[in-house]
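Peer 1: Below is the file run-v8.cif, with mmCIF, C-alpha atoms.
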data_protein
loop_
_atom_site.label_atom_id
_atom_site.label_comp_id
_atom_site.auth_asym_id
_atom_site.auth_seq_id
_atom_site.Cartn_x
_atom_site.Cartn_y
_atom_site.Cartn_z
CA MET I 1 14.32 -33.15 -3.10
CA ILE I 2 17.21 -30.74 -2.48
CA GLU I 3 17.27 -31.71 1.20
CA LEU I 4 17.32 -35.41 0.27
CA VAL I 5 20.28 -34.92 -2.07
CA LYS I 6 22.07 -32.81 0.53
CA THR I 7 21.49 -35.52 3.16
CA GLY I 8 22.89 -38.24 0.90
CA LEU I 9 25.95 -36.21 -0.05
CA SER I 10 26.59 -35.28 3.60
CA PHE I 11 26.39 -38.95 4.59
CA LEU I 12 28.85 -40.01 1.88
CA LEU I 13 31.23 -37.15 2.64
CA GLN I 14 31.41 -37.88 6.38
CA LEU I 15 31.79 -41.62 5.84
CA SER I 16 34.52 -40.93 3.27
CA VAL I 17 36.38 -38.76 5.79
CA PHE I 18 36.36 -41.62 8.29
CA PHE I 19 37.62 -44.03 5.63
CA LEU I 20 40.44 -41.75 4.46
CA ILE I 21 41.65 -41.17 8.01
CA GLY I 22 41.46 -44.89 8.75
CA ASN I 23 43.21 -45.84 5.52
CA CYS I 24 46.06 -43.52 6.49
CA LEU I 25 46.30 -45.19 9.91
CA VAL I 26 46.20 -48.70 8.42
CA LYS I 27 49.23 -47.79 6.33
CA LYS I 28 51.10 -46.07 9.14
CA LEU I 29 50.54 -49.00 11.50
CA LYS I 30 51.41 -51.49 8.73
CA MET I 31 48.16 -53.37 9.21
CA LYS I 32 46.56 -55.66 6.64
CA GLN I 33 44.40 -53.72 4.17
CA ASP I 34 40.82 -54.05 5.39
CA LEU I 35 38.00 -51.72 4.36
CA SER I 36 35.96 -52.29 7.53
CA MET I 37 38.95 -51.81 9.84
CA ALA I 38 39.88 -48.61 7.98
CA VAL I 39 36.42 -47.15 8.62
CA ILE I 40 36.52 -48.15 12.30
CA LEU I 41 40.00 -46.72 12.87
CA GLY I 42 39.12 -43.54 11.03
CA TYR I 43 35.95 -43.12 13.07
CA LEU I 44 37.80 -43.55 16.37
CA ALA I 45 40.74 -41.38 15.34
CA TYR I 46 38.45 -38.63 14.02
CA PHE I 47 36.55 -38.32 17.29
CA SER I 48 39.74 -38.62 19.35
CA VAL I 49 41.30 -35.66 17.54
CA PHE I 50 38.00 -33.77 17.54
CA GLU I 51 37.73 -34.20 21.33
CA VAL I 52 41.26 -32.94 21.95
CA ILE I 53 40.76 -29.86 19.76
CA ALA I 54 37.10 -29.08 20.46
CA VAL I 55 37.04 -29.13 24.29
CA PRO I 56 39.65 -26.33 24.70
CA MET I 57 37.79 -24.32 22.03
CA ILE I 58 34.52 -24.78 23.91
CA LEU I 59 36.01 -23.76 27.26
CA LEU I 60 37.65 -20.72 25.65
CA ARG I 61 34.19 -19.75 24.32
CA VAL I 62 35.28 -19.74 20.68
CA SER I 63 32.32 -19.21 18.36
CA LEU I 64 30.94 -22.15 16.43
CA LYS I 65 31.60 -20.40 13.13
CA THR I 66 35.29 -19.84 13.95
CA PHE I 67 35.76 -23.41 15.10
CA SER I 68 33.91 -24.74 12.05
CA VAL I 69 36.25 -22.80 9.75
CA ILE I 70 39.30 -24.15 11.59
CA TRP I 71 38.01 -27.72 11.50
CA GLY I 72 36.84 -27.41 7.89
CA VAL I 73 40.23 -26.16 6.68
CA PHE I 74 41.94 -28.97 8.58
CA LEU I 75 39.67 -31.60 6.98
CA ILE I 76 39.95 -30.18 3.46
CA ALA I 77 43.76 -30.14 3.68
CA PHE I 78 43.79 -33.70 4.99
CA ILE I 79 41.37 -34.97 2.32
CA PHE I 80 43.42 -33.47 -0.51
CA ILE I 81 46.63 -34.98 0.88
CA MET I 82 45.00 -38.41 1.21
CA LEU I 83 43.44 -38.31 -2.26
CA PHE I 84 46.83 -37.34 -3.70
CA ARG I 85 48.44 -40.35 -2.02
CA LEU I 86 45.65 -42.70 -3.09
CA ARG I 87 45.78 -41.71 -6.76
CA LYS I 88 47.83 -44.82 -7.69
CA GLN I 89 45.80 -47.32 -5.67
CA PRO I 90 42.50 -47.98 -7.51
CA LYS I 91 43.75 -51.21 -9.16
CA GLY I 92 44.88 -52.69 -5.86
CA ILE I 93 41.61 -51.70 -4.23
CA ARG I 94 39.62 -53.44 -7.00
CA LEU I 95 41.66 -56.63 -6.54
CA ASN I 96 41.15 -56.59 -2.78
CA LEU I 97 37.41 -56.06 -3.21
CA GLY I 98 37.23 -58.97 -5.63
CA ASN I 99 39.00 -61.32 -3.21
CA SER I 100 36.80 -60.15 -0.36
CA LEU I 101 33.59 -60.83 -2.28
CA ARG I 102 34.73 -64.38 -3.01
CA GLU I 103 35.53 -65.01 0.65
CA HIS I 104 32.13 -63.71 1.79
CA SER I 105 29.98 -65.40 -0.88
CA TRP I 106 26.21 -64.69 -0.68
CA LEU I 107 26.46 -63.95 3.04
CA ILE I 108 27.64 -60.43 2.26
CA LEU I 109 24.19 -59.80 0.75
CA LEU I 110 22.59 -61.05 3.97
CA ASN I 111 24.78 -58.68 5.96
CA ALA I 112 23.91 -55.78 3.69
CA ALA I 113 20.20 -56.52 4.15
CA VAL I 114 20.55 -56.75 7.94
CA ILE I 115 22.40 -53.44 8.13
CA LEU I 116 19.89 -51.79 5.79
CA VAL I 117 17.00 -52.90 8.02
CA GLN I 118 18.76 -51.41 11.03
CA CYS I 119 19.32 -48.14 9.18
CA VAL I 120 15.62 -47.96 8.26
CA ILE I 121 14.68 -48.58 11.91
CA VAL I 122 16.82 -45.74 13.25
CA VAL I 123 15.69 -43.31 10.54
CA LEU I 124 11.98 -43.99 10.97
CA TYR I 125 11.88 -44.32 14.76
CA GLN I 126 10.91 -41.09 16.51
CA ASP I 127 12.17 -40.73 20.07
CA ILE I 128 10.69 -37.86 22.10
CA SER I 129 12.47 -38.44 25.40
CA ALA I 130 14.28 -35.82 27.46
CA ASP I 131 17.60 -37.14 26.14
CA SER I 132 16.37 -36.63 22.60
CA ALA I 133 15.52 -33.04 23.44
CA TYR I 134 18.97 -32.53 24.96
CA TYR I 135 21.17 -34.05 22.26
CA VAL I 136 19.32 -32.56 19.30
CA GLY I 137 18.54 -29.35 21.21
CA THR I 138 22.23 -28.82 21.99
CA VAL I 139 23.08 -29.04 18.29
CA SER I 140 20.22 -26.68 17.40
CA THR I 141 21.02 -24.02 20.00
CA SER I 142 24.68 -24.15 19.04
CA VAL I 143 23.93 -23.75 15.31
CA TYR I 144 21.37 -20.95 15.70
CA THR I 145 23.30 -18.99 18.32
CA GLY I 146 26.76 -19.54 16.83
CA THR I 147 28.09 -20.80 20.17
CA MET I 148 29.11 -24.12 21.71
CA PHE I 149 27.40 -25.53 24.83
CA ARG I 150 26.59 -22.01 26.10
CA TYR I 151 22.80 -22.21 26.01
CA ASN I 152 20.34 -24.46 27.81
CA PRO I 153 18.90 -26.75 25.09
CA TYR I 154 15.63 -27.17 27.01
CA THR I 155 14.86 -23.48 27.48
CA GLY I 156 17.18 -21.63 25.12
CA SER I 157 18.40 -19.40 27.96
CA PRO I 158 22.12 -18.55 28.35
CA LEU I 159 24.09 -20.66 30.84
CA ARG I 160 26.19 -18.97 33.48
CA HIS I 161 28.44 -22.01 33.80
CA PHE I 162 29.16 -24.91 31.50
CA GLN I 163 27.42 -28.13 32.48
CA ALA I 164 30.28 -30.33 33.64
CA ARG I 165 28.35 -33.51 32.87
CA TYR I 166 28.23 -32.68 29.16
CA VAL I 167 30.83 -30.09 28.24
CA PHE I 168 33.76 -32.53 28.18
CA SER I 169 31.97 -34.74 25.65
CA ALA I 170 32.17 -32.89 22.33
CA TYR I 171 30.13 -35.28 20.14
CA PRO I 172 27.13 -32.88 19.77
CA MET I 173 29.54 -30.23 18.53
CA HIS I 174 30.64 -32.56 15.75
CA ASN I 175 27.06 -32.47 14.49
CA ALA I 176 26.88 -28.71 14.97
CA VAL I 177 30.09 -28.18 12.97
CA TRP I 178 28.82 -30.26 10.04
CA CYS I 179 25.51 -28.40 10.12
CA GLN I 180 27.47 -25.16 9.97
CA LEU I 181 29.72 -26.36 7.13
CA LEU I 182 27.11 -28.04 4.93
CA GLY I 183 23.88 -26.28 5.85
CA VAL I 184 22.24 -29.52 6.98
CA HIS I 185 19.36 -29.24 9.47
CA PRO I 186 20.38 -30.27 13.03
CA ILE I 187 17.68 -32.97 13.22
CA ILE I 188 18.78 -34.49 9.90
CA GLN I 189 22.46 -34.44 10.88
CA SER I 190 21.88 -35.87 14.36
CA LYS I 191 19.01 -38.30 13.87
CA VAL I 192 19.53 -39.44 10.29
CA ILE I 193 23.07 -38.98 8.95
CA MET I 194 25.09 -39.76 12.07
CA SER I 195 22.58 -42.34 13.30
CA VAL I 196 23.01 -44.33 10.09
CA ILE I 197 26.79 -43.95 10.19
CA ASN I 198 26.79 -45.15 13.80
CA ILE I 199 24.78 -48.22 12.75
CA VAL I 200 27.25 -49.01 9.97
CA VAL I 201 30.33 -48.59 12.16
CA SER I 202 28.79 -50.63 14.99
CA ASN I 203 28.15 -53.56 12.65
CA LEU I 204 31.67 -53.32 11.26
CA VAL I 205 33.01 -53.63 14.82
CA PHE I 206 30.90 -56.74 15.44
CA TYR I 207 32.20 -58.13 12.16
CA GLN I 208 35.79 -57.60 13.27
CA ILE I 209 35.05 -59.30 16.59
CA GLY I 210 33.64 -62.23 14.62
CA LYS I 211 36.83 -62.49 12.59
CA ARG I 212 38.85 -62.58 15.80
CA LEU I 213 36.64 -65.24 17.36
CA PHE I 214 36.49 -67.46 14.25
CA ASP I 215 40.09 -67.37 13.05
CA GLN I 216 39.57 -64.76 10.30
CA ASP I 217 36.72 -66.76 8.73
CA ARG I 218 34.70 -64.04 6.99
CA LYS I 219 31.62 -66.18 6.43
CA LYS I 220 31.32 -66.97 10.12
CA ALA I 221 31.95 -63.31 10.94
CA ASP I 222 29.12 -62.37 8.57
CA LEU I 223 26.79 -64.74 10.39
CA MET I 224 27.84 -63.27 13.71
CA VAL I 225 26.75 -59.81 12.54
CA THR I 226 23.34 -61.24 11.68
CA PHE I 227 22.99 -63.08 14.99
CA VAL I 228 24.07 -60.02 16.99
CA CYS I 229 21.39 -58.00 15.19
CA LEU I 230 18.73 -60.61 16.05
CA MET I 231 19.91 -60.73 19.66
CA GLN I 232 19.68 -56.96 19.97
CA LEU I 233 16.24 -56.87 18.39
CA PHE I 234 14.76 -59.56 20.64
CA THR I 235 16.50 -58.78 23.95
CA ASN I 236 15.11 -55.30 24.07
CA THR I 237 14.94 -53.69 27.52
CA ILE I 238 15.82 -50.17 28.63
CA TYR I 239 19.18 -51.50 29.85
CA THR I 240 20.43 -53.34 26.74
CA PRO I 241 22.80 -51.90 24.10
CA GLY I 242 20.34 -52.88 21.37
CA ARG I 243 17.68 -50.55 22.76
CA PHE I 244 20.14 -47.67 22.61
CA LEU I 245 21.37 -48.67 19.16
CA PHE I 246 17.93 -48.84 17.53
CA THR I 247 16.10 -46.07 19.36
CA ARG I 248 18.77 -43.63 20.54
CA SER I 249 21.61 -44.03 18.06
CA TYR I 250 22.06 -40.24 17.91
CA GLU I 251 23.12 -40.18 21.61
CA GLY I 252 26.69 -40.43 22.80
CA LYS I 253 25.77 -43.18 25.28
CA ALA I 254 24.52 -45.38 22.43
CA ILE I 255 27.81 -44.92 20.57
CA LEU I 256 29.76 -45.69 23.73
CA ALA I 257 27.81 -48.92 24.31
CA ASN I 258 27.79 -50.14 20.71
CA ILE I 259 31.12 -48.93 19.32
CA ALA I 260 33.66 -47.91 21.99
CA VAL I 261 32.98 -50.81 24.39
CA PRO I 262 32.94 -53.47 21.62
CA VAL I 263 36.22 -52.05 20.26
CA VAL I 264 37.78 -52.51 23.71
CA ILE I 265 36.49 -56.10 23.73
CA TYR I 266 37.98 -56.59 20.25
CA CYS I 267 41.36 -55.27 21.40
CA CYS I 268 41.35 -57.54 24.45
CA LEU I 269 40.68 -60.55 22.19
CA TRP I 270 43.51 -59.35 19.97
CA LEU I 271 45.90 -59.21 22.92
CA TRP I 272 44.78 -62.61 24.16
CA GLN I 273 45.50 -64.21 20.77
CA LYS I 274 48.65 -62.36 19.82
CA GLU I 275 50.88 -59.64 21.25
CA ASP I 276 50.67 -56.60 18.97
CA LYS I 277 51.39 -52.96 19.74
CA ASN I 278 48.64 -51.94 17.32
CA SER I 279 46.04 -53.43 19.67
CA TRP I 280 47.11 -50.94 22.35
CA ILE I 281 46.91 -48.06 19.87
CA VAL I 282 43.37 -49.00 18.84
CA MET I 283 42.37 -49.43 22.49
CA PHE I 284 43.76 -45.99 23.32
CA LEU I 285 41.79 -44.43 20.45
CA ALA I 286 38.64 -46.13 21.76
CA SER I 287 39.38 -44.70 25.20
CA VAL I 288 39.85 -41.11 24.00
CA SER I 289 36.91 -41.18 21.59
CA GLY I 290 34.76 -42.70 24.36
CA ILE I 291 35.05 -39.44 26.29
CA CYS I 292 33.95 -37.55 23.18
CA PHE I 293 30.81 -39.69 23.05
CA SER I 294 29.76 -39.67 26.70
CA GLY I 295 30.89 -38.90 30.23
CA SER I 296 29.89 -42.45 31.09
CA SER I 297 33.07 -43.56 29.32
CA PHE I 298 34.74 -44.10 32.69
CA ILE I 299 33.26 -47.61 32.51
CA LEU I 300 35.87 -48.31 29.84
CA MET I 301 38.44 -48.49 32.63
CA ALA I 302 36.65 -51.51 34.07
CA GLY I 303 36.40 -53.09 30.61
CA ILE I 304 40.08 -52.52 29.88
CA ALA I 305 41.13 -53.96 33.23
CA ALA I 306 38.80 -56.97 32.89
CA GLY I 307 40.24 -57.78 29.48
CA VAL I 308 43.93 -57.04 30.03
CA ILE I 309 44.49 -58.54 33.52
CA PRO I 310 43.78 -62.12 32.30
CA VAL I 311 46.30 -61.49 29.48
CA ILE I 312 48.87 -60.42 32.07
CA PHE I 313 48.37 -63.66 33.99
CA LYS I 314 48.38 -65.75 30.82
CA GLN I 315 51.60 -64.28 29.45
CA LYS I 316 53.13 -63.60 32.87
CA LYS I 317 54.20 -60.11 31.80
CA ILE I 318 53.59 -57.59 34.55
CA SER I 319 54.93 -54.89 32.22
CA LYS I 320 51.57 -54.82 30.42
CA ILE I 321 50.21 -52.83 33.35
CA ILE I 322 51.94 -49.76 31.88
CA PRO I 323 50.11 -49.69 28.50
CA MET I 324 46.92 -50.70 30.30
CA CYS I 325 47.18 -47.64 32.54
CA ILE I 326 48.00 -45.43 29.54
CA CYS I 327 44.78 -46.61 27.88
CA MET I 328 42.90 -45.70 31.06
CA LEU I 329 44.57 -42.28 31.33
CA PRO I 330 41.98 -40.32 29.25
CA GLU I 331 39.18 -41.48 31.57
CA ILE I 332 41.27 -40.65 34.65
CA ILE I 333 41.89 -37.12 33.34
CA TYR I 334 38.19 -36.74 32.60
CA LEU I 335 37.18 -37.87 36.10
CA VAL I 336 39.68 -35.47 37.72
CA LEU I 337 38.32 -32.55 35.71
CA TYR I 338 34.70 -33.53 36.29
CA TYR I 339 35.01 -33.88 40.06
CA SER I 340 37.09 -30.71 40.24
CA THR I 341 34.10 -28.81 38.81
CA LYS I 342 31.66 -30.60 41.15
CA MET I 343 33.79 -29.79 44.20
CA GLY I 344 34.15 -26.15 43.16
CA TRP I 345 37.90 -26.32 42.58
CA LEU I 346 37.45 -25.57 38.88
CA VAL I 347 34.93 -22.99 37.65
CA LEU I 348 33.90 -23.08 34.00
CA LYS I 349 32.11 -19.86 33.06
CA ALA I 350 29.98 -20.09 29.93
CA ASN I 351 28.85 -16.45 29.58
#
Is it possible to give me this structure as structure tokens?

Peer 2:
Amino acid sequence: MIELVKTGLSFLLQLSVFFLIGNCLVKKLKMKQDLSMAVILGYLAYFSVFEVIAVPMILLRVSLKTFSVIWGVFLIAFIFIMLFRLRKQPKGIRLNLGNSLREHSWLILLNAAVILVQCVIVVLYQDISADSAYYVGTVSTSVYTGTMFRYNPYTGSPLRHFQARYVFSAYPMHNAVWCQLLGVHPIIQSKVIMSVINIVVSNLVFYQIGKRLFDQDRKKADLMVTFVCLMQLFTNTIYTPGRFLFTRSYEGKAILANIAVPVVIYCCLWLWQKEDKNSWIVMFLASVSGICFSGSSFILMAGIAAGVIPVIFKQKKISKIIPMCICMLPEIIYLVLYYSTKMGWLVLKAN
């Protein structure tokens, strides 16, 4: 019972952190108040900042406990500041929620049911693949040794050198940090709490894409979420995003395929419909956070190019190449570092 309560509180706390960060960004960017967009932005911004801070800490062989304290203090300070600023907003939030419910009608209940079914699937499904052993094993070895990426998750033996394929993607360390801070078991944090959060955020992204496609019609966007769920359930092969979403939602590759890539698609639709600097900011956050999720994020460069180049031709503004390249820059930096380690130009000692 205690573990169940701890799991629920951990889920709510982490989701609240994403919302508070996103709400701050929505205000700073002067975007329309939108609960789902706030969660998405907060999620992307959180993992972008975490990646930038965590990777140097990992390479400097800082202990997990030390990094957890640093990250925990940072989050606590941020949460208190945000709660202080939000203290006068409850009335406005209630009004916005009331208007939103009227615009959704009964379809919001259908969406809630669809998302709940997906959450049940990811919680109950037990994956015993090698990837499962790696992602959960990395969190476990980090928590129980007090280190970050310095032990082989398959054998438990110390690594002489960091594994270049994984060390630049800090997502497992996010789970390890929360395990350290809250005392949650690594399997619960990785396969239950974050898997459910990933499901929720993924559906919110599809909802936002629906709003873009259907001229901000929330009812049609709700239906799109339902249809995307059905499509993912019944087009299930080892190569489809749905397979990763429902069976491997604790893996960085699943998050990349079902959150980062769809966000890039959303931003490209945004640019196609209307020029807005905020679309570039969101795309850049998706690019940085994509590296945090998986080294396969270099595919985002192709997605960004495929979406932005038609916009360049449509608007006849060659200057858009500059922000497009800036959005690709995180992946370029990652590829340079990765191939530098593979060629022996950069040596990353773990112990």

Peer 1: Find the nearest atom pair between each residue of region 319-351 of chain I and region 147-161 of chain I for residues within 10 Å, count all atoms listed in the file, give distances in Å to one decimal, sort rows by chain and ascending number, and present the table as CSV.

Peer 2:
residue,atom,partner,partner_atom,distance
I:Val347,CA,I:His161,CA,7.6
I:Leu348,CA,I:His161,CA,5.6
I:Lys349,CA,I:His161,CA,4.3
I:Ala350,CA,I:His161,CA,4.6
I:Asn351,CA,I:Arg160,CA,5.4

Peer 1: Is there a way to get, as a PyMOL selection string, all residues within 6 Å of the point (27.8, -38.6, 21.3) in file coordinates, counting only C-alpha atoms?

Peer 2: chain I and resi 171-172+251-252+293-294

Peer 1: Need the neighbours of (16.3, -41.8, 11.3): which residues are at most 12 Å away, counting all atoms listed in the file, as a ChimeraX atom specification?

Peer 2: /I:7,116-127,187-199,245-250

Peer 1: So which residues touch Met224 (chain I) within 9 Å, counting all atoms listed in the file, skipping near sequence neighbours fewer than 2 positions away, as a list of chain:residue names?

Peer 2: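 In the requested format, the answer is I:Phe206, I:Tyr207, I:Ile209, I:Gly210, I:Lys219, I:Lys220, I:Ala221, I:Asp222, I:Thr226, I:Phe227, I:Val228, I:Cys229.
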
Peer 1: Could you check the closest approach to Asp215 (chain I) for each of I:Ser48, I:Gln273, I:Ala306, I:Val201 and tell me which residue wins, using only C-alpha atoms?

Peer 2: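 Of all the options, I:Gln273 lies closest to Asp215 (chain I).
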
Peer 1: Report as a PyMOL selection string the full result of the PyMOL selection byres ((chain I and resi 301) around 9) when it is applied to this structure.

Peer 2: chain I and resi 287+297-300+302-306+325+327-329+331-332

Peer 1: Next, write the just-selected residues to a file, as a compact mmCIF listing (two decimals), keeping the file's coordinate frame, keeping C-alpha atoms as the atom set.

Peer 2:
# COMPACT_ATOMS: atom_id res chain seq x y z
CA SER I 287 39.38 -44.70 25.20
CA SER I 297 33.07 -43.56 29.32
CA PHE I 298 34.74 -44.10 32.69
CA ILE I 299 33.26 -47.61 32.51
CA LEU I 300 35.87 -48.31 29.84
CA ALA I 302 36.65 -51.51 34.07
CA GLY I 303 36.40 -53.09 30.61
CA ILE I 304 40.08 -52.52 29.88
CA ALA I 305 41.13 -53.96 33.23
CA ALA I 306 38.80 -56.97 32.89
CA CYS I 325 47.18 -47.64 32.54
CA CYS I 327 44.78 -46.61 27.88
CA MET I 328 42.90 -45.70 31.06
CA LEU I 329 44.57 -42.28 31.33
CA GLU I 331 39.18 -41.48 31.57
CA ILE I 332 41.27 -40.65 34.65

Peer 1: Using the chain letters and residue numbers of this document, give as a list in words the residues selected by the PyMOL selection byres ((chain I and resi 346) around 12).

Peer 2: Leu59, His161, Phe162, Ala164, Val336, Leu337, Tyr338, Tyr339, Ser340, Thr341, Lys342, Met343, Gly344, Trp345, Val347, Leu348 and Lys349 of chain I

Peer 1: Quick check, in Å to one decimal: how far apart do CA of Ser296 (chain I) and CA of Pro310 (chain I) lie?

Peer 2: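 Interatomic distance, CA of Ser296 (chain I) to CA of Pro310 (chain I): 24.1 Å.
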
Peer 1: Which of these, I:Leu233, I:Gln208, I:Phe214, I:Leu181, has the shortest distance to Asp34 (chain I) once you count only C-alpha atoms?

Peer 2: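 Among the listed residues, the smallest separation from Asp34 (chain I) belongs to I:Gln208.
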
Peer 1: Which residue is closest to Ser279 (chain I)? Choose from I:Ile81, I:Leu29, I:Ala45, I:Leu20 and count all atoms listed in the file.

Peer 2: I:Leu29

Peer 1: Check which residues satisfy the PyMOL selection byres ((chain I and resi 11-17) around 10) in the file shown, then give them as JSON, numbers by chain.

Peer 2: {"I": [5, 6, 7, 8, 9, 10, 18, 19, 20, 21, 22, 23, 39, 42, 43, 46, 75, 76, 78, 79, 82, 178, 189, 192, 193, 194, 196, 197, 200, 201]}
